[in-house]
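File shown: target.txt (compact mmCIF, C-alpha atoms).
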```
# COMPACT_ATOMS: atom_id res chain seq x y z
CA MET A 1 -0.75 29.09 13.19
CA ASN A 2 -0.48 30.22 9.56
CA ASN A 3 -0.54 28.11 6.39
CA SER A 4 3.22 28.19 5.88
CA HIS A 5 3.68 26.73 9.37
CA ARG A 6 1.04 24.07 8.68
CA PHE A 7 2.72 23.22 5.37
CA LYS A 8 6.12 22.88 7.08
CA ILE A 9 4.61 20.49 9.62
CA LEU A 10 3.27 18.34 6.77
CA VAL A 11 6.58 18.34 4.90
CA ASP A 12 8.51 17.52 8.09
CA SER A 13 6.20 14.55 8.76
CA GLY A 14 7.81 12.65 5.86
CA ARG A 15 4.40 11.71 4.46
CA THR A 16 2.95 12.62 1.09
CA VAL A 17 -0.71 11.74 1.75
CA PHE A 18 -2.98 12.77 4.61
CA THR A 19 -6.48 12.12 5.90
CA PRO A 20 -8.45 14.84 7.73
CA LEU A 21 -7.78 13.09 11.06
CA GLU A 22 -4.04 13.09 10.39
CA LEU A 23 -4.15 16.80 9.54
CA ARG A 24 -5.95 17.50 12.81
CA MET A 25 -3.42 15.51 14.80
CA LEU A 26 -0.38 17.02 13.09
CA TRP A 27 -1.69 20.56 13.38
CA GLN A 28 -3.21 19.96 16.83
CA GLU A 29 -6.41 21.72 15.80
CA ALA A 30 -10.11 21.10 16.28
CA GLU A 31 -11.93 19.28 13.48
CA LEU A 32 -13.62 22.35 11.98
CA ASN A 33 -10.45 24.47 12.13
CA ALA A 34 -8.37 21.74 10.44
CA LYS A 35 -11.00 21.26 7.73
CA THR A 36 -11.15 25.00 7.04
CA SER A 37 -7.34 25.24 6.98
CA ALA A 38 -7.09 22.30 4.58
CA LEU A 39 -9.66 23.83 2.21
CA ARG A 40 -7.84 27.18 2.24
CA MET A 41 -4.53 25.43 1.54
CA VAL A 42 -6.14 23.62 -1.41
CA GLU A 43 -7.41 26.97 -2.75
CA LYS A 44 -3.88 28.40 -2.47
CA LYS A 45 -2.46 25.25 -4.13
CA LEU A 46 -0.41 24.32 -1.06
CA LEU A 47 -2.30 21.01 -0.84
CA ILE A 48 -4.02 18.84 -3.45
CA ARG A 49 -7.39 17.28 -2.70
CA LEU A 50 -7.21 13.77 -4.17
CA GLY A 51 -10.77 12.88 -3.27
CA LYS A 52 -13.12 13.06 -0.35
CA GLY A 53 -10.99 12.59 2.75
CA TYR A 54 -7.56 12.47 1.09
CA TYR A 55 -5.01 15.23 0.60
CA ALA A 56 -1.51 15.21 -0.89
CA LEU A 57 1.44 17.57 -0.77
CA HIS A 58 2.01 17.30 -4.53
CA LYS A 59 0.96 15.37 -7.66
CA ASN A 60 3.90 12.96 -7.23
CA TYR A 61 2.47 11.54 -4.02
CA ASN A 62 3.19 7.94 -3.02
CA ALA A 63 0.24 5.87 -4.32
CA ASN A 64 1.26 2.95 -2.09
CA GLU A 65 1.06 5.25 0.92
CA LEU A 66 -2.44 6.29 -0.16
CA ALA A 67 -3.41 2.62 -0.51
CA ASN A 68 -2.46 2.10 3.14
CA ARG A 69 -4.52 5.17 4.13
CA ILE A 70 -7.73 4.18 2.30
CA VAL A 71 -8.00 0.92 4.26
CA SER A 72 -6.04 0.62 7.46
CA PRO A 73 -4.54 -1.78 8.28
CA SER A 74 -3.52 -3.02 4.84
CA TYR A 75 -0.42 -3.67 2.79
CA VAL A 76 0.30 -3.37 -0.92
CA SER A 77 0.82 -6.74 -2.61
CA PHE A 78 0.40 -8.57 -5.94
CA GLN A 79 1.63 -6.85 -9.13
CA PRO A 80 2.46 -3.47 -7.51
CA ALA A 81 4.70 -5.17 -4.91
CA LEU A 82 6.44 -7.21 -7.61
CA ALA A 83 6.93 -4.06 -9.71
CA TYR A 84 8.30 -2.22 -6.67
CA ALA A 85 10.85 -5.04 -6.20
CA GLY A 86 11.83 -4.94 -9.87
CA LEU A 87 10.31 -8.30 -10.84
CA ASN A 88 7.63 -6.76 -13.03
CA PHE A 89 8.28 -3.98 -15.49
CA GLN A 90 4.71 -3.11 -16.41
CA PRO A 91 3.61 0.43 -15.62
CA GLN A 92 1.83 0.65 -12.31
CA GLY A 93 -1.87 1.34 -12.73
CA ASP A 94 -4.31 -0.10 -10.25
CA ILE A 95 -3.05 -0.84 -6.75
CA GLY A 96 -3.88 -4.22 -5.23
CA SER A 97 -3.64 -4.64 -1.49
CA VAL A 98 -4.39 -7.17 1.21
CA ALA A 99 -6.60 -6.17 4.15
CA ARG A 100 -9.25 -7.63 6.41
CA ILE A 101 -12.08 -6.51 4.12
CA ASN A 102 -12.89 -6.62 0.42
CA LYS A 103 -13.15 -3.13 -1.02
CA ARG A 104 -12.74 -1.17 -4.25
CA LYS A 105 -12.30 2.59 -4.39
CA ILE A 106 -11.26 5.03 -7.06
CA VAL A 107 -9.20 8.00 -5.85
CA ASP A 108 -7.56 10.49 -8.20
CA GLY A 109 -8.46 8.32 -11.20
CA ARG A 110 -6.73 5.17 -9.88
CA LEU A 111 -8.48 2.01 -8.71
CA TYR A 112 -7.48 0.69 -5.29
CA THR A 113 -8.63 -2.87 -4.56
CA TYR A 114 -8.43 -4.76 -1.29
CA ALA A 115 -8.73 -8.52 -0.80
CA ALA A 116 -9.73 -9.93 2.58
CA MET A 117 -7.33 -12.40 4.17
CA LYS A 118 -7.67 -14.59 7.25
CA PRO A 119 -6.38 -12.74 10.34
CA GLU A 120 -3.79 -15.37 11.31
CA ILE A 121 -1.97 -14.80 7.99
CA PHE A 122 -2.72 -11.10 7.58
CA PHE A 123 -1.47 -10.02 11.01
CA ASN A 124 1.81 -11.92 10.67
CA THR A 125 4.28 -9.25 9.55
CA ASP A 126 6.91 -11.64 8.12
CA GLY A 127 7.66 -10.63 4.56
CA LEU A 128 6.30 -7.11 4.94
CA ILE A 129 8.49 -4.09 4.30
CA LEU A 130 7.86 -0.54 5.51
CA ARG A 131 9.34 1.78 2.90
CA ASN A 132 8.62 5.42 2.07
CA GLY A 133 5.64 5.49 4.42
CA ALA A 134 3.95 2.41 2.97
CA ALA A 135 3.65 -1.23 4.01
CA ILE A 136 4.50 -3.41 1.00
CA ALA A 137 4.79 -7.18 0.61
CA SER A 138 8.20 -8.60 -0.22
CA PRO A 139 8.24 -10.25 -3.66
CA GLU A 140 8.02 -13.68 -2.02
CA ARG A 141 4.99 -12.71 0.05
CA ALA A 142 3.37 -11.07 -3.00
CA VAL A 143 3.72 -14.36 -4.91
CA LEU A 144 2.22 -16.32 -2.00
CA ASP A 145 -0.61 -13.79 -1.68
CA SER A 146 -1.32 -14.23 -5.40
CA PHE A 147 -1.51 -18.01 -4.95
CA TYR A 148 -3.73 -17.54 -1.87
CA PHE A 149 -6.26 -15.51 -3.86
CA GLY A 150 -6.19 -17.95 -6.78
CA PHE A 151 -4.27 -16.19 -9.50
CA LEU A 152 -0.82 -16.44 -10.98
CA PRO A 153 1.74 -13.84 -9.93
CA ASP A 154 2.41 -11.26 -12.62
CA ALA A 155 6.21 -11.25 -12.72
CA ALA A 156 8.68 -11.10 -15.59
CA ASP A 157 11.19 -13.43 -13.90
CA LEU A 158 10.19 -15.50 -10.87
CA SER A 159 13.66 -17.08 -10.80
CA LYS A 160 14.84 -13.87 -9.05
CA LEU A 161 12.79 -14.76 -5.98
CA ASN A 162 14.64 -15.62 -2.78
CA MET A 163 13.66 -19.28 -2.44
CA THR A 164 14.86 -19.41 1.19
CA ALA A 165 12.49 -16.55 2.07
CA LEU A 166 9.69 -18.19 0.07
CA LYS A 167 10.12 -21.49 1.96
CA ARG A 168 10.17 -19.60 5.29
CA LEU A 169 6.96 -17.69 4.50
CA VAL A 170 4.98 -20.48 2.85
CA VAL A 171 4.28 -22.18 6.20
CA LEU A 172 1.95 -19.27 7.06
CA TYR A 173 -0.38 -20.19 4.19
CA PRO A 174 -2.87 -23.04 3.62
CA ARG A 175 -1.79 -26.32 2.03
CA THR A 176 -3.11 -25.34 -1.40
CA VAL A 177 -0.72 -22.38 -1.44
CA GLN A 178 2.12 -24.54 -0.10
CA LYS A 179 1.59 -26.99 -2.96
CA LYS A 180 1.74 -24.21 -5.60
CA ALA A 181 4.86 -22.76 -3.96
CA ARG A 182 6.52 -26.19 -3.82
CA ASN A 183 5.98 -26.48 -7.57
CA LEU A 184 7.67 -23.11 -7.97
CA TYR A 185 10.83 -23.93 -6.06
CA GLU A 186 11.10 -27.57 -7.18
CA ASN A 187 10.59 -26.63 -10.84
CA PRO A 188 12.05 -23.12 -11.21
CA LEU A 189 11.29 -21.23 -14.41
```
Could you write out this structure as structure tokens?
Amino acid sequence: MNNSHRFKILVDSGRTVFTPLELRMLWQEAELNAKTSALRMVEKKLLIRLGKGYYALHKNYNANELANRIVSPSYVSFQPALAYAGLNFQPQGDIGSVARINKRKIVDGRLYTYAAMKPEIFFNTDGLILRNGAAIASPERAVLDSFYFGFLPDAADLSKLNMTALKRLVVLYPRTVQKKARNLYENPL
């Protein structure tokens, strides 16, 4: 298999970010062969090495997709999820995610942070959206996640939240979060 065929396989996958294991699986090659092929493709500028263990097709890769690759399983939440939904207009810098572990990692100059959540909440997929290869919290779930971790959601206009969805999701969270959410929908901004 030549590099142009490998590149086509990557493009056809619909992904923008890859780990070495994903390259091996997509190319159906042994570990050493896939590693050598990836390094040669980086040299020929067919792939970009974002950091140890992460490759991208181009500089405009999906940072949310990378966030899901660094810690798996995880989903993007907090300010990035609110910005993605159009409730926050601040430029996206750091990416905050929810996972089963606490972790911080810098890849390609961007900080990726992960906050550990109880499994009974984390593994419930209500309010999660799979879009462009990344799992992202709905705006309502991002607000509840923010309350869960003890900070205020960073949104320009919380009145745009779907209060029906918020009320449906809030039952997943502890009473302290339910109380904060009740304040939000009983006293809208």
Practice prompt. For segment 26-35 of chain A, work out the shell of residues within 9 Å, counting all atoms listed in the file and skipping chain neighbours fewer than 6 positions away, then give it as a PyMOL selection string.
Written response: chain A and resi 1+6+9-10+13+20
Listing only residues of segment 115-155 of chain A within 7 Å of segment 170-182 of chain A, what is the closest atom pair and its distance in Å (to one decimal) for each, using only C-alpha atoms, sorted by chain and residue number ascending, as a Markdown table?
```
| residue | atom | partner | partner_atom | distance |
| --- | --- | --- | --- | --- |
| A:Ile121 | CA | A:Leu172 | CA | 6.0 |
| A:Leu144 | CA | A:Val177 | CA | 6.8 |
| A:Phe147 | CA | A:Val177 | CA | 5.7 |
| A:Tyr148 | CA | A:Val177 | CA | 5.7 |
```
Fill in: Distance of atom CA of Ala56 of chain A from atom CA of Asn2 of chain A, expressed in Å to one decimal place
18.3 Å
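From atom CA of Asp145 of chain A back to atom CA of Ser77 of chain A, the distance works out to 7.3 Å.
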Discussion item. When you count all atoms listed in the file, which of these residues is closest to Val11 of chain A: A:Phe122, A:Tyr185, A:Tyr61, A:Phe89?
Written reply: A:Tyr61
Discussion item. List the spatial neighbours of Ile70 of chain A as an NGL selection string - criterion: any atom at most 10 Å away, all atoms listed in the file, same-chain residues fewer than 3 positions off excluded.
Written reply: :A and (19 or 53-54 or 65-67 or 73-74 or 103-105 or 107 or 112-114)
Could you please take those selected residues and save C-alpha atoms as a tab-separated table (two decimals), in the frame of the given file?
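Dumped to again33.tsv:
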```tsv
chain	number	residue	atom	x	y	z
A	19	THR	CA	-6.48	12.12	5.90
A	53	GLY	CA	-10.99	12.59	2.75
A	54	TYR	CA	-7.56	12.47	1.09
A	65	GLU	CA	1.06	5.25	0.92
A	66	LEU	CA	-2.44	6.29	-0.16
A	67	ALA	CA	-3.41	2.62	-0.51
A	73	PRO	CA	-4.54	-1.78	8.28
A	74	SER	CA	-3.52	-3.02	4.84
A	103	LYS	CA	-13.15	-3.13	-1.02
A	104	ARG	CA	-12.74	-1.17	-4.25
A	105	LYS	CA	-12.30	2.59	-4.39
A	107	VAL	CA	-9.20	8.00	-5.85
A	112	TYR	CA	-7.48	0.69	-5.29
A	113	THR	CA	-8.63	-2.87	-4.56
A	114	TYR	CA	-8.43	-4.76	-1.29
```
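Between atom CA of Glu120 of chain A and atom CA of Thr164 of chain A the separation is 21.6 Å.
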